[in-house]
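Before any comments, here is the structure.
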Amino acid sequence: MSSRSGIRRLLQEIPGIPPHEAEQLAAHVLAVERSRLYTDPVEPTDDQLEALRSMALRRAAGEPLQYLIGWVPFLDVRILVGPGVLVPRPETEYLAQTALEVWRSMGAPEPRVAVDVGTGSGCIAAGLALAEPRLRWIGLDISAEALGWAGRNVRENGLDSRVDLYNSDLFAALESIEFPEHGASLVISNPPYVAHSEAPALPRDVVDHEPHEALFSGPTGLEHVERILGEAPRWLSSPGLLALEIGETQMDNALSCVRETGRYASWEGRADLAGRPRMVFART
Ligand SMILES: C[S@@+](CC[C@H](N)C(=O)[O-])C[C@H]1O[C@@H](n2cnc3c(N)ncnc32)[C@H](O)[C@@H]1O
């Protein structure tokens, strides 16, 4: 059997996986670019074929593709992921890019310290630390397991000297660490924002495998969003920017909450790349 027909046949043999996912797994196992699977086929060893078959079966049973591959690209960094941490999503990458643009448009205000609340894999802090060398980052998360992944990602990307990580319930750890007297000029967060009642509507591979403390936020899904909007001004400099990802039905509630704090000078809701209202930017 030629390697080309071998891979084709193997991919066809495995039910329940879209072809593009099967190809991504094959490219991962064979350590080649996906585009070269058919144009420049390598002869898979028996071990590689067995590894591919076993991963494909795990994927068909619902394990997230990214956990099987072990990493995702985020901005210009490689983010390791696996059980215990949320897989970074493209909309969060867009939030991070847009937040940096807005922060720069404010004149890159001092102090050039940024806080990533609910850092998870550390994707936002690591990605933006690489993109903007003037910023020093503090990543906070309540999950020790997520912080383990974040620590690996910060180290693997050579960013340890610019990203510090702390176990924290939202901003609480900032009370006891060295933190600029006048606050951070950027706070960014992709918090949990799914209502518990929405769990049945989530894809099985998400709800069965990704950590629930990364997904769910009380009966309305707004618990974390409301707390962050209320607490962030205490930690922001003036001028300072809060950038927040929210669920697509939450904009009205989130903007009312911004208004009610009376602590922000200006704010706006923005759409993600799919046109859904998913981002809040509020300036102190
Ligand atoms: C939606 S995930 C975002 C992870 C990462 N920032 C990303 O965008 O991929 C939310 C993160 O918030 C963390 N988290 C949940 N409740 C928290 C709390 N009260 N304080 C701090 N972090 C919290 C979760 O552990 C999880 O890592």
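Following the order of the structure tokens, chains are lettered A, B, ..., residues in each are numbered from 1, and ligands are numbered from 1.
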
Show which residues sit within 7 Å of stretch 26-32 of chain A, as a PyMOL selection string. Count only C-alpha atoms, and ignore same-chain residues fewer than 6 positions away. chain A and resi 44+48+52+69

C-alpha atoms of the current selection, written as an mmCIF file, in the first residue's frame:
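Ended up saving to part.cif:
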data_model
loop_
_atom_site.group_PDB
_atom_site.id
_atom_site.type_symbol
_atom_site.label_atom_id
_atom_site.label_comp_id
_atom_site.auth_asym_id
_atom_site.auth_seq_id
_atom_site.Cartn_x
_atom_site.Cartn_y
_atom_site.Cartn_z
ATOM 1 C CA PRO A 44 3.773 6.254 8.100
ATOM 2 C CA GLN A 48 2.271 6.322 13.672
ATOM 3 C CA LEU A 52 -3.424 8.137 14.501
ATOM 4 C CA ILE A 69 -2.890 17.813 19.151
#

Using only C-alpha atoms and all ligand atoms, find each protein or nucleic acid residue lying at most 6 Å from ligand 1; present the set as a ChimeraX atom specification. /A:86-88,92,118-121,140-143,146,168-170,190-192,213-215

Could you name the residues that touch A:Gly221 at 12 Å or less, counting only C-alpha atoms, but leaving out those on the same chain fewer than 5 positions away, as an mmCIF file with C-alpha atoms, in the first residue's frame?
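And here's part_27.cif as it stands now:
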data_model
loop_
_atom_site.group_PDB
_atom_site.id
_atom_site.type_symbol
_atom_site.label_atom_id
_atom_site.label_comp_id
_atom_site.auth_asym_id
_atom_site.auth_seq_id
_atom_site.Cartn_x
_atom_site.Cartn_y
_atom_site.Cartn_z
ATOM 1 C CA PRO A 191 -14.396 35.302 31.997
ATOM 2 C CA PRO A 192 -16.818 32.380 32.306
ATOM 3 C CA TYR A 193 -20.165 33.671 30.989
ATOM 4 C CA VAL A 194 -22.451 30.704 30.329
ATOM 5 C CA ALA A 195 -25.606 30.293 32.466
ATOM 6 C CA HIS A 196 -25.860 26.891 34.162
ATOM 7 C CA SER A 197 -29.221 26.388 32.456
ATOM 8 C CA GLU A 198 -27.499 26.626 29.044
ATOM 9 C CA ALA A 199 -25.311 23.566 29.674
ATOM 10 C CA GLU A 213 -15.157 26.752 36.110
ATOM 11 C CA ALA A 214 -13.957 28.204 32.791
ATOM 12 C CA LEU A 215 -17.437 28.070 31.285
ATOM 13 C CA PHE A 216 -20.207 28.662 33.812
ATOM 14 C CA GLU A 226 -20.809 41.954 36.776
ATOM 15 C CA ARG A 227 -18.112 41.408 39.388
ATOM 16 C CA ILE A 246 -19.141 38.509 26.982
ATOM 17 C CA GLY A 247 -21.852 36.172 25.702
ATOM 18 C CA GLU A 248 -23.784 37.338 22.677
ATOM 19 C CA THR A 249 -27.037 37.989 24.578
ATOM 20 C CA GLN A 250 -25.359 39.902 27.424
ATOM 21 C CA ASN A 253 -26.911 43.883 30.817
ATOM 22 C CA ALA A 254 -23.179 44.478 30.629
#

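Picture a line from atom CA of A:Tyr166 to atom CA of A:Trp71; it runs 22.4 Å.
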
For A:Ala265, work out the shell of residues within 9 Å, counting only C-alpha atoms and skipping chain neighbours fewer than 2 positions away, then give it as a ChimeraX atom specification. /A:239,262-263,267,282-284

Just asking: which residues within stretch 78-279 of chain A are helix (DSSP H, G or I) according to DSSP, as number ranges by chain? A: 90-105, 123-131, 144-156, 172-176, 196-201, 204-209, 212-215, 223-235, 251-261
